[in-house]
Every structure is written in C-alpha cells, then in structure tokens.
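Worksheet for the structure shown next.
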Amino acid sequence: MGRLRVFVLAAFVLGLAPSVLAQSWPSKPIKIIIPFPPGNTTDIMARLIGPKIAERLGQPIIVENRPGASGMLGLDYVAKAAPDGYILAAGQGGNMVVLPHTSKNIPYDALKDFVPIAVSTTNYLGIVAYPEVPFKSVGEMISYAKANPGKLTVATNGEGGFPHLAFEHLRVMGGFTFTHVPYKGSAAIATDVIGGQVQVGIDGITGLAPHVRSGRLRLLAITNRARVPLWPDTPTAGEAVPGYESGGWFGYVAPARTPRNIILRMNEEINRAIVLPDISEKLVGAGLIIVTESPEYFANLIKSDYAKYGKLTRDIGFQPQ
C-alpha cells in the first residue's frame, strides 16, 4: 500500500510539473536561436525586439547564431531542446516549409517538432547583381543566360533553401539556365556579389537594402507580386516573367510540448515589440511587412505553405539533395 501511495504521488507531481514550470516562467535567461550567421533578417529582427521583450519579462533575451545546412542545424538544436520556454528559434519559410521538400536528410519534422509562437513579418526577395555585369534587368539577365548557357552565376543561402527554390522557379518559368553558388548566409552573398565573384544574388531584401542604397549592388527586381512603395522604380520579376512571384515569412517557434501559457505570453510580447515605432520603422524601411497574429494563424500558415511548396517542388522537378 505504501508503494502504491508513493507511485500515485510521483505520478501526480510529474503530471503537474509542466504546469508549475510554466507558472514560474521565466526564471532565467531565454535563448533565441538564429539558424543563420549574423546579418540575416532573422538575426536583425531578433536583436531589435529582444531587449524590448526582456524589459517586460524581467529576464535577458540571448540571441545565439547557430548557422549551417541552410538553417537546419539551428532548428534541429531547438527541436531537441527541452520544451520549457528557455530555448526558442527564429524560423522562416525556407527552413520550415521548403527544406522538408528539398533535402533528403532534414533532421526535424517541421509540422510535429515545433509549436508556432508568432509570425512576425512577411517579405519578398531581392534579385541583385554586381554593378558591372552586362545586364540591368531581369529580362536582360534572362537573355544573357540564354545566350551563354550555364555561365550565369547565382548566389543563394544554400542548396534547396527558399531563395534557391525561388530562383529555380524563375528559371523554369523563364526558360534559362544558371550555375548555383550556395552560401551560408546573407552577409557572404552580398560580399561576393559586391566583389564580382558571383554575378547575381537572391535573398531577403532586408540584408541587401544597405548595399543597394550605397550603389555597391544593383537591384534588378523584387519578387513581390506588385511594386512596393519602398522601391517604387524597381520592377517585379513578374514584369519580365509574367505570373512569377515569390514571398516569405519570418516567425518564432518553440520545441513541441512547450506549455500553452508560455506560447501565448511570448506571442503577446513579440506582437507588442514588433509594432513599437522605433522597431517597426526600421523593419518597414527594410522592406518587411509586419504581422501581429495568433499562434493558430501561424500554424495554419506553416501548414498551407508546407503543402504549397511540396507541390511546387514536384511541379518543377526539383530533386532532393
């Protein structure tokens, strides 16, 4: 009888553990894992909102970069972390809904290993070029590529990543070829396109914008459906290839089974921080569109985009790497 009481008490305590843990959260620093090097959009955003969230929670927000494998290494680390609200990840469309269809060895299940917290912003990609290349638009770039098969070099943030898939889609619709040059992050892409080692780069507009404004990169087009106020004189890629568009999103996720009240609190704080004037002005100025929605909205976005890019990879015949 004594053993039975001990067993029941232990089960009761263990059952309460997640609830008790959630009620005392946070009692130590919270780490946000950025699965890319410094300079990526997710890195910039997390470092902007981190201090604002820390002020409200009373604990430091530590932003840690864990780059590699198009963002898979960092996300895998978070997928295997304890679901206690102290290790979160900044995810994006590329590593959450594209890589599962383009990588043979993805170590996590994007639909099962994470619980969505908040989608903070959406964006479009920029197609940029070394200023001295012999083309000044996407249309001219395609003509150059057709006249010089395989000679067009294009930098992305990794084989099978979202920007790579976006350019592959443009290739199929535009009927040209190119040589892919994968990098680990935005800063490296910009550096080598500026230096002329690679002719063209495609990436989130946020990291490219300073270099475009300085004249070190030529912005050929954006991948949004329509032109945007931030770049009113820049055409969309769809103007050269009718029907083409490609956009993405950035958000925050936690390991699966993270307590619900932690998810809701972080959703509230992220949504609050992202619209603060000193933050929103910088993000909008960098070409991002701010979103303040529920965890359920983000979960539905992940599921729908997961299905969308699964179909796209099949339609264009992309072979998982």
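Identifiers in this document derive from the order of the structure tokens: chains are assigned A, B, ..., residues are numbered from 1 separately in each chain, and ligands are numbered from 1 in order of occurrence.
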Within 9 Å of segment 262-277 of chain A using only C-alpha atoms, minus same-chain residues under 3 positions, as a tab-separated table (two decimals) with all heavy atoms, in the first residue's frame:
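Result written to out_27.tsv:
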chain	number	residue	atom	x	y	z
A	22	ALA	N	5.59	26.26	-16.04
A	22	ALA	CA	5.07	27.37	-16.85
A	22	ALA	C	4.69	28.55	-15.97
A	22	ALA	O	4.87	29.71	-16.36
A	22	ALA	CB	3.88	26.89	-17.66
A	23	GLN	N	4.14	28.27	-14.79
A	23	GLN	CA	3.71	29.36	-13.92
A	23	GLN	C	4.90	30.16	-13.39
A	23	GLN	O	4.77	31.36	-13.13
A	23	GLN	CB	2.90	28.78	-12.75
A	23	GLN	CG	1.53	28.24	-13.17
A	23	GLN	CD	0.83	27.51	-12.05
A	23	GLN	OE1	1.25	27.58	-10.90
A	23	GLN	NE2	-0.23	26.81	-12.38
A	25	TRP	N	7.71	30.60	-15.04
A	25	TRP	CA	8.48	31.08	-16.19
A	25	TRP	C	8.27	32.57	-16.40
A	25	TRP	O	7.13	33.05	-16.25
A	25	TRP	CB	8.02	30.31	-17.43
A	25	TRP	CG	8.72	30.69	-18.71
A	25	TRP	CD1	9.83	30.12	-19.22
A	25	TRP	CD2	8.33	31.71	-19.63
A	25	TRP	NE1	10.18	30.72	-20.40
A	25	TRP	CE2	9.26	31.71	-20.68
A	25	TRP	CE3	7.29	32.64	-19.68
A	25	TRP	CZ2	9.19	32.58	-21.77
A	25	TRP	CZ3	7.20	33.51	-20.75
A	25	TRP	CH2	8.15	33.47	-21.78
A	26	PRO	N	9.32	33.34	-16.75
A	26	PRO	CA	10.72	32.90	-16.85
A	26	PRO	C	11.48	33.18	-15.57
A	26	PRO	O	11.31	34.23	-14.96
A	26	PRO	CB	11.24	33.74	-18.01
A	26	PRO	CG	10.50	35.04	-17.87
A	26	PRO	CD	9.13	34.69	-17.33
A	45	MET	N	16.17	41.09	-36.79
A	45	MET	CA	14.88	41.27	-36.13
A	45	MET	C	14.94	40.85	-34.66
A	45	MET	O	14.43	41.56	-33.78
A	45	MET	CB	13.83	40.45	-36.87
A	45	MET	CG	12.40	40.79	-36.48
A	45	MET	SD	11.20	39.77	-37.37
A	45	MET	CE	11.85	39.87	-39.04
A	48	LEU	N	16.61	43.32	-32.52
A	48	LEU	CA	15.82	44.53	-32.32
A	48	LEU	C	14.76	44.33	-31.24
A	48	LEU	O	14.59	45.17	-30.35
A	48	LEU	CB	15.14	44.95	-33.63
A	48	LEU	CG	16.01	45.64	-34.68
A	48	LEU	CD1	15.22	45.84	-35.97
A	48	LEU	CD2	16.52	46.99	-34.16
A	49	ILE	N	14.03	43.22	-31.31
A	49	ILE	CA	12.92	43.03	-30.38
A	49	ILE	C	13.36	42.39	-29.06
A	49	ILE	O	12.66	42.52	-28.05
A	49	ILE	CB	11.78	42.21	-31.00
A	49	ILE	CG1	12.21	40.75	-31.23
A	49	ILE	CG2	11.29	42.85	-32.30
A	49	ILE	CD1	11.07	39.87	-31.70
A	50	GLY	N	14.52	41.72	-29.06
A	50	GLY	CA	14.96	41.04	-27.85
A	50	GLY	C	15.00	41.91	-26.60
A	50	GLY	O	14.41	41.56	-25.57
A	52	LYS	N	13.41	44.64	-25.94
A	52	LYS	CA	12.06	45.09	-25.59
A	52	LYS	C	11.30	43.99	-24.86
A	52	LYS	O	10.56	44.27	-23.90
A	52	LYS	CB	11.29	45.49	-26.86
A	52	LYS	CG	11.99	46.54	-27.71
A	52	LYS	CD	12.10	47.86	-27.00
A	52	LYS	CE	12.70	48.93	-27.92
A	52	LYS	NZ	12.85	50.24	-27.24
A	53	ILE	N	11.48	42.76	-25.30
A	53	ILE	CA	10.82	41.63	-24.64
A	53	ILE	C	11.45	41.39	-23.26
A	53	ILE	O	10.75	41.12	-22.28
A	53	ILE	CB	10.92	40.37	-25.51
A	53	ILE	CG1	10.16	40.58	-26.82
A	53	ILE	CG2	10.38	39.14	-24.78
A	53	ILE	CD1	10.31	39.45	-27.82
A	56	ARG	N	10.08	43.49	-20.44
A	56	ARG	CA	8.76	43.08	-19.96
A	56	ARG	C	8.81	41.78	-19.15
A	56	ARG	O	8.07	41.62	-18.18
A	56	ARG	CB	7.83	42.90	-21.15
A	56	ARG	CG	7.64	44.15	-21.98
A	56	ARG	CD	6.38	44.87	-21.62
A	56	ARG	NE	5.20	44.06	-21.91
A	56	ARG	CZ	3.94	44.44	-21.66
A	56	ARG	NH1	3.73	45.61	-21.11
A	56	ARG	NH2	2.93	43.65	-21.95
A	57	LEU	N	9.68	40.86	-19.55
A	57	LEU	CA	9.73	39.57	-18.88
A	57	LEU	C	10.64	39.57	-17.66
A	57	LEU	O	10.58	38.67	-16.82
A	57	LEU	CB	10.19	38.49	-19.85
A	57	LEU	CG	9.27	38.19	-21.04
A	57	LEU	CD1	9.84	37.06	-21.89
A	57	LEU	CD2	7.86	37.82	-20.57
A	84	ASP	N	10.70	23.91	-22.34
A	84	ASP	CA	10.47	24.66	-21.10
A	84	ASP	C	10.41	26.17	-21.32
A	84	ASP	O	10.36	26.95	-20.36
A	84	ASP	CB	11.56	24.34	-20.07
A	84	ASP	CG	12.98	24.57	-20.60
A	84	ASP	OD1	13.12	25.18	-21.69
A	84	ASP	OD2	13.94	24.14	-19.93
A	85	GLY	N	10.46	26.62	-22.60
A	85	GLY	CA	10.34	28.04	-22.88
A	85	GLY	C	11.63	28.81	-22.79
A	85	GLY	O	11.63	30.04	-22.93
A	115	VAL	N	6.18	24.06	-31.97
A	115	VAL	CA	4.88	24.70	-31.78
A	115	VAL	C	5.05	26.16	-32.18
A	115	VAL	O	5.95	26.85	-31.71
A	115	VAL	CB	4.38	24.58	-30.33
A	115	VAL	CG1	5.41	25.09	-29.33
A	115	VAL	CG2	3.05	25.30	-30.14
A	116	PRO	N	4.23	26.66	-33.11
A	116	PRO	CA	4.35	28.04	-33.57
A	116	PRO	C	4.02	29.03	-32.46
A	116	PRO	O	3.09	28.82	-31.68
A	116	PRO	CB	3.33	28.12	-34.71
A	116	PRO	CG	3.11	26.70	-35.13
A	116	PRO	CD	3.21	25.91	-33.87
A	117	ILE	N	4.79	30.12	-32.41
A	117	ILE	CA	4.54	31.19	-31.45
A	117	ILE	C	3.93	32.41	-32.15
A	117	ILE	O	2.81	32.81	-31.84
A	117	ILE	CB	5.84	31.62	-30.73
A	117	ILE	CG1	6.45	30.45	-29.97
A	117	ILE	CG2	5.56	32.79	-29.78
A	117	ILE	CD1	7.83	30.74	-29.39
A	118	ALA	N	4.66	32.96	-33.08
A	118	ALA	CA	4.18	34.16	-33.79
A	118	ALA	C	4.92	34.32	-35.10
A	118	ALA	O	6.13	34.13	-35.17
A	118	ALA	CB	4.38	35.41	-32.93
A	119	VAL	N	4.18	34.66	-36.16
A	119	VAL	CA	4.81	35.07	-37.40
A	119	VAL	C	4.94	36.59	-37.32
A	119	VAL	O	3.95	37.30	-37.14
A	119	VAL	CB	3.99	34.64	-38.64
A	119	VAL	CG1	2.55	35.10	-38.58
A	119	VAL	CG2	4.66	35.15	-39.92
A	120	SER	N	6.16	37.08	-37.34
A	120	SER	CA	6.38	38.50	-37.06
A	120	SER	C	6.32	39.38	-38.30
A	120	SER	O	5.81	40.50	-38.26
A	120	SER	CB	7.73	38.69	-36.37
A	120	SER	OG	8.75	38.01	-37.10
A	121	THR	N	6.86	38.89	-39.41
A	121	THR	CA	6.87	39.69	-40.64
A	121	THR	C	6.80	38.79	-41.87
A	121	THR	O	7.14	37.61	-41.81
A	121	THR	CB	8.15	40.54	-40.76
A	121	THR	OG1	9.29	39.67	-40.67
A	121	THR	CG2	8.23	41.61	-39.69
A	252	TYR	N	8.61	32.87	-34.98
A	252	TYR	CA	9.26	32.25	-33.84
A	252	TYR	C	8.53	30.97	-33.45
A	252	TYR	O	7.30	30.93	-33.44
A	252	TYR	CB	9.31	33.24	-32.67
A	252	TYR	CG	10.16	34.45	-33.00
A	252	TYR	CD1	9.59	35.55	-33.64
A	252	TYR	CD2	11.52	34.46	-32.75
A	252	TYR	CE1	10.37	36.64	-34.00
A	252	TYR	CE2	12.31	35.54	-33.10
A	252	TYR	CZ	11.73	36.63	-33.73
A	252	TYR	OH	12.51	37.70	-34.10
A	253	VAL	N	9.31	29.95	-33.14
A	253	VAL	CA	8.76	28.65	-32.76
A	253	VAL	C	9.46	28.15	-31.51
A	253	VAL	O	10.57	28.59	-31.18
A	253	VAL	CB	8.89	27.61	-33.89
A	253	VAL	CG1	8.11	28.04	-35.12
A	253	VAL	CG2	10.37	27.38	-34.24
A	254	ALA	N	8.80	27.22	-30.82
A	254	ALA	CA	9.36	26.58	-29.63
A	254	ALA	C	9.35	25.07	-29.84
A	254	ALA	O	8.65	24.57	-30.72
A	254	ALA	CB	8.53	26.97	-28.40
A	258	THR	N	5.91	22.60	-25.55
A	258	THR	CA	6.11	23.78	-24.70
A	258	THR	C	4.76	24.22	-24.16
A	258	THR	O	3.79	24.30	-24.92
A	258	THR	CB	6.76	24.93	-25.49
A	258	THR	OG1	8.05	24.50	-25.94
A	258	THR	CG2	6.92	26.17	-24.63
A	259	PRO	N	4.64	24.51	-22.86
A	259	PRO	CA	3.35	24.86	-22.27
A	259	PRO	C	2.63	26.01	-23.00
A	259	PRO	O	3.26	26.97	-23.43
A	259	PRO	CB	3.72	25.26	-20.83
A	259	PRO	CG	4.93	24.43	-20.55
A	259	PRO	CD	5.70	24.40	-21.84
A	280	SER	N	9.32	49.13	-35.64
A	280	SER	CA	8.53	48.97	-36.87
A	280	SER	C	9.05	49.84	-38.01
A	280	SER	O	9.05	49.42	-39.17
A	280	SER	CB	7.05	49.28	-36.59
A	280	SER	OG	6.89	50.63	-36.17
A	281	GLU	N	9.50	51.04	-37.69
A	281	GLU	CA	10.03	51.92	-38.74
A	281	GLU	C	11.26	51.31	-39.41
A	281	GLU	O	11.42	51.39	-40.63
A	281	GLU	CB	10.37	53.29	-38.14
A	281	GLU	CG	9.15	54.12	-37.76
A	281	GLU	CD	9.52	55.41	-37.06
A	281	GLU	OE1	10.74	55.72	-36.99
A	281	GLU	OE2	8.62	56.10	-36.57
A	282	LYS	N	12.10	50.69	-38.62
A	282	LYS	CA	13.30	50.05	-39.19
A	282	LYS	C	12.94	48.85	-40.04
A	282	LYS	O	13.51	48.64	-41.12
A	282	LYS	CB	14.25	49.63	-38.05
A	282	LYS	CG	14.86	50.79	-37.30
A	282	LYS	CD	15.71	50.31	-36.14
A	282	LYS	CE	16.28	51.48	-35.35
A	282	LYS	NZ	17.03	51.04	-34.15
A	283	LEU	N	11.99	48.05	-39.57
A	283	LEU	CA	11.62	46.84	-40.30
A	283	LEU	C	10.88	47.17	-41.59
A	283	LEU	O	11.17	46.60	-42.65
A	283	LEU	CB	10.77	45.94	-39.40
A	283	LEU	CG	11.49	45.41	-38.15
A	283	LEU	CD1	10.54	44.55	-37.32
A	283	LEU	CD2	12.72	44.60	-38.52
A	290	ILE	N	4.85	43.94	-41.40
A	290	ILE	CA	4.64	43.49	-40.03
A	290	ILE	C	3.32	42.73	-39.89
A	290	ILE	O	2.29	43.12	-40.43
A	290	ILE	CB	4.68	44.69	-39.07
A	290	ILE	CG1	6.11	45.24	-39.02
A	290	ILE	CG2	4.21	44.30	-37.68
A	290	ILE	CD1	6.25	46.51	-38.23
A	291	VAL	N	3.38	41.63	-39.12
A	291	VAL	CA	2.21	40.80	-38.87
A	291	VAL	C	2.06	40.62	-37.36
A	291	VAL	O	3.04	40.35	-36.66
A	291	VAL	CB	2.36	39.41	-39.53
A	291	VAL	CG1	1.13	38.55	-39.26
A	291	VAL	CG2	2.60	39.55	-41.03
A	292	THR	N	0.85	40.78	-36.85
A	292	THR	CA	0.58	40.53	-35.43
A	292	THR	C	-0.63	39.63	-35.33
A	292	THR	O	-1.76	40.10	-35.20
A	292	THR	CB	0.34	41.85	-34.67
A	292	THR	OG1	-0.71	42.59	-35.32
A	292	THR	CG2	1.58	42.71	-34.64
A	293	GLU	N	-0.39	38.34	-35.39
A	293	GLU	CA	-1.47	37.36	-35.37
A	293	GLU	C	-1.24	36.33	-34.28
A	293	GLU	O	-0.21	36.31	-33.60
A	293	GLU	CB	-1.59	36.68	-36.74
A	293	GLU	CG	-2.03	37.58	-37.87
A	293	GLU	CD	-3.53	37.89	-37.82
A	293	GLU	OE1	-4.22	37.31	-36.97
A	293	GLU	OE2	-3.99	38.70	-38.65
A	294	SER	N	-2.19	35.42	-34.12
A	294	SER	CA	-2.17	34.39	-33.08
A	294	SER	C	-1.27	33.22	-33.44
A	294	SER	O	-0.88	33.04	-34.61
A	294	SER	CB	-3.59	33.86	-32.87
A	294	SER	OG	-4.02	33.16	-34.04
A	295	PRO	N	-0.94	32.38	-32.46
A	295	PRO	CA	-0.19	31.16	-32.77
A	295	PRO	C	-0.94	30.28	-33.78
A	295	PRO	O	-0.31	29.61	-34.61
A	295	PRO	CB	-0.06	30.47	-31.41
A	295	PRO	CG	-0.11	31.58	-30.42
A	295	PRO	CD	-1.10	32.55	-31.00
How close does each residue of segment 239-268 of chain A get to segment 213-225 of chain A, giving the shortest atom pair and distance in Å to one decimal for every residue with an atom at most 10 Å away, counting only C-alpha atoms, sorted by chain and residue number, as CSV?
residue,atom,partner,partner_atom,distance
A:Glu239,CA,A:Ala221,CA,9.1
A:Ala240,CA,A:Ala221,CA,9.3
A:Gly243,CA,A:Arg225,CA,8.4
A:Tyr244,CA,A:Arg225,CA,7.6
A:Glu245,CA,A:Thr223,CA,5.1
A:Ser246,CA,A:Thr223,CA,5.2
A:Gly247,CA,A:Asn224,CA,6.2
A:Gly248,CA,A:Asn224,CA,9.6
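Here the question is which of A:Leu288, A:Leu152, A:Ile316, A:Val63 gets nearest to His180 of chain A using only C-alpha atoms, and that residue is A:Leu152.
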key: Backbone DSSP call of strand (DSSP E) for segment 44-212 of chain A, listed as a VMD selection string   = chain A and resid 61 to 65 87 to 92 114 to 129 153 to 156 179 to 182 200 to 204
key: Nearest-residue call for Pro107 of chain A, choices A:Tyr77, A:Tyr309, A:Tyr183, A:Phe178, using only C-alpha atoms   = A:Tyr77
request  = Quick one: pull the distance between atom CA of Leu165 of chain A and atom CA of Gly94 of chain A, Å, one decimal.
outcome  = 8.9 Å
note = Using only C-alpha atoms, the residue out of A:His169, A:Lys112, A:His164, A:Lys146 with shortest distance to Pro182 of chain A is A:His164
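Residue neighbourhood of Ile202 of chain A, excluding near-sequence residues (fewer than 4 positions): Leu125, Gly126, Ile127, Val128, Val154, Ala155, Thr156, Pro163, His164 and Phe167 of chain A, at 8 Å, using only C-alpha atoms.
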Pull N, CA and C atoms from the residues just selected and write them as a CSV table (one decimal), in the first residue's frame.
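Heads up, here's the output in part_36.csv:
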chain,number,residue,atom,x,y,z
A,125,LEU,N,11.8,38.8,-51.8
A,125,LEU,CA,13.2,38.7,-52.1
A,125,LEU,C,13.7,39.8,-53.1
A,126,GLY,N,15.0,40.0,-53.0
A,126,GLY,CA,15.6,41.0,-54.0
A,126,GLY,C,16.5,40.2,-54.9
A,127,ILE,N,16.5,40.5,-56.2
A,127,ILE,CA,17.5,39.9,-57.1
A,127,ILE,C,18.5,41.0,-57.4
A,128,VAL,N,19.7,40.8,-57.0
A,128,VAL,CA,20.7,41.9,-57.1
A,128,VAL,C,21.9,41.4,-58.0
A,154,VAL,N,24.7,32.4,-59.8
A,154,VAL,CA,23.7,33.0,-58.8
A,154,VAL,C,24.0,32.5,-57.4
A,155,ALA,N,24.1,33.4,-56.5
A,155,ALA,CA,24.3,33.1,-55.1
A,155,ALA,C,23.0,33.0,-54.3
A,156,THR,N,22.9,32.0,-53.5
A,156,THR,CA,21.7,31.9,-52.6
A,156,THR,C,22.3,31.5,-51.2
A,163,PRO,N,15.4,30.9,-51.1
A,163,PRO,CA,15.8,31.8,-52.3
A,163,PRO,C,16.3,30.9,-53.5
A,164,HIS,N,16.9,29.8,-53.2
A,164,HIS,CA,17.3,28.9,-54.3
A,164,HIS,C,16.1,28.4,-55.0
A,167,PHE,N,14.6,31.0,-57.2
A,167,PHE,CA,15.3,31.3,-58.4
A,167,PHE,C,15.1,30.1,-59.4
key: Minimum-distance residue to Leu170 of chain A, chosen among A:Ile61, A:Ala307, A:Ala299, A:Leu312 (using only C-alpha atoms)   = A:Leu312
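Using only C-alpha atoms for every distance, the candidate list A:Trp231, A:Phe36, A:Tyr86, A:Tyr130 yields A:Phe36 as the residue closest to Pro67 of chain A.
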query = DSSP says helix (DSSP H, G or I) for which residues of segment 106-165 of chain A? Put them as a ChimeraX atom specification?
reply = /A:138-147,162-165
Keeping only N, CA and C atoms, write the selected residues to a file as a PDB file, in the first residue's frame.
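Everything below was put into selection27.pdb:
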ATOM      1  N   VAL A 138      15.970  41.966 -65.080  1.00  0.00           N
ATOM      2  CA  VAL A 138      15.761  40.518 -65.117  1.00  0.00           C
ATOM      3  C   VAL A 138      15.589  40.040 -66.550  1.00  0.00           C
ATOM      4  N   GLY A 139      14.901  40.835 -67.351  1.00  0.00           N
ATOM      5  CA  GLY A 139      14.729  40.468 -68.754  1.00  0.00           C
ATOM      6  C   GLY A 139      16.061  40.346 -69.467  1.00  0.00           C
ATOM      7  N   GLU A 140      16.954  41.312 -69.251  1.00  0.00           N
ATOM      8  CA  GLU A 140      18.282  41.274 -69.868  1.00  0.00           C
ATOM      9  C   GLU A 140      19.120  40.137 -69.283  1.00  0.00           C
ATOM     10  N   MET A 141      18.940  39.866 -67.996  1.00  0.00           N
ATOM     11  CA  MET A 141      19.659  38.757 -67.365  1.00  0.00           C
ATOM     12  C   MET A 141      19.267  37.434 -68.013  1.00  0.00           C
ATOM     13  N   ILE A 142      17.975  37.262 -68.259  1.00  0.00           N
ATOM     14  CA  ILE A 142      17.497  36.030 -68.885  1.00  0.00           C
ATOM     15  C   ILE A 142      18.033  35.905 -70.313  1.00  0.00           C
ATOM     16  N   SER A 143      18.056  37.009 -71.032  1.00  0.00           N
ATOM     17  CA  SER A 143      18.599  36.988 -72.395  1.00  0.00           C
ATOM     18  C   SER A 143      20.078  36.609 -72.378  1.00  0.00           C
ATOM     19  N   TYR A 144      20.820  37.168 -71.407  1.00  0.00           N
ATOM     20  CA  TYR A 144      22.238  36.836 -71.253  1.00  0.00           C
ATOM     21  C   TYR A 144      22.408  35.350 -70.947  1.00  0.00           C
ATOM     22  N   ALA A 145      21.575  34.839 -70.035  1.00  0.00           N
ATOM     23  CA  ALA A 145      21.680  33.434 -69.647  1.00  0.00           C
ATOM     24  C   ALA A 145      21.366  32.508 -70.819  1.00  0.00           C
ATOM     25  N   LYS A 146      20.401  32.883 -71.631  1.00  0.00           N
ATOM     26  CA  LYS A 146      20.055  32.057 -72.791  1.00  0.00           C
ATOM     27  C   LYS A 146      21.161  32.077 -73.841  1.00  0.00           C
ATOM     28  N   ALA A 147      21.823  33.230 -73.966  1.00  0.00           N
ATOM     29  CA  ALA A 147      22.905  33.350 -74.947  1.00  0.00           C
ATOM     30  C   ALA A 147      24.204  32.709 -74.455  1.00  0.00           C
ATOM     31  N   PHE A 162      14.975  28.466 -49.505  1.00  0.00           N
ATOM     32  CA  PHE A 162      13.886  29.213 -50.117  1.00  0.00           C
ATOM     33  C   PHE A 162      14.347  30.102 -51.276  1.00  0.00           C
ATOM     34  N   PRO A 163      15.406  30.934 -51.115  1.00  0.00           N
ATOM     35  CA  PRO A 163      15.845  31.754 -52.251  1.00  0.00           C
ATOM     36  C   PRO A 163      16.268  30.917 -53.459  1.00  0.00           C
ATOM     37  N   HIS A 164      16.943  29.792 -53.186  1.00  0.00           N
ATOM     38  CA  HIS A 164      17.344  28.917 -54.293  1.00  0.00           C
ATOM     39  C   HIS A 164      16.114  28.395 -55.034  1.00  0.00           C
ATOM     40  N   LEU A 165      15.128  27.935 -54.291  1.00  0.00           N
ATOM     41  CA  LEU A 165      13.912  27.414 -54.917  1.00  0.00           C
ATOM     42  C   LEU A 165      13.183  28.515 -55.680  1.00  0.00           C
TER      43      LEU A 165
END
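Residue nearest Ile62 of chain A within the list A:Ala46, A:Ala82, A:Ala237, A:Val200: A:Ala46 [criterion: smallest interatomic distance, only C-alpha atoms].
Between atom CA of Ile302 of chain A and atom CA of Thr234 of chain A the separation is 29.4 Å.
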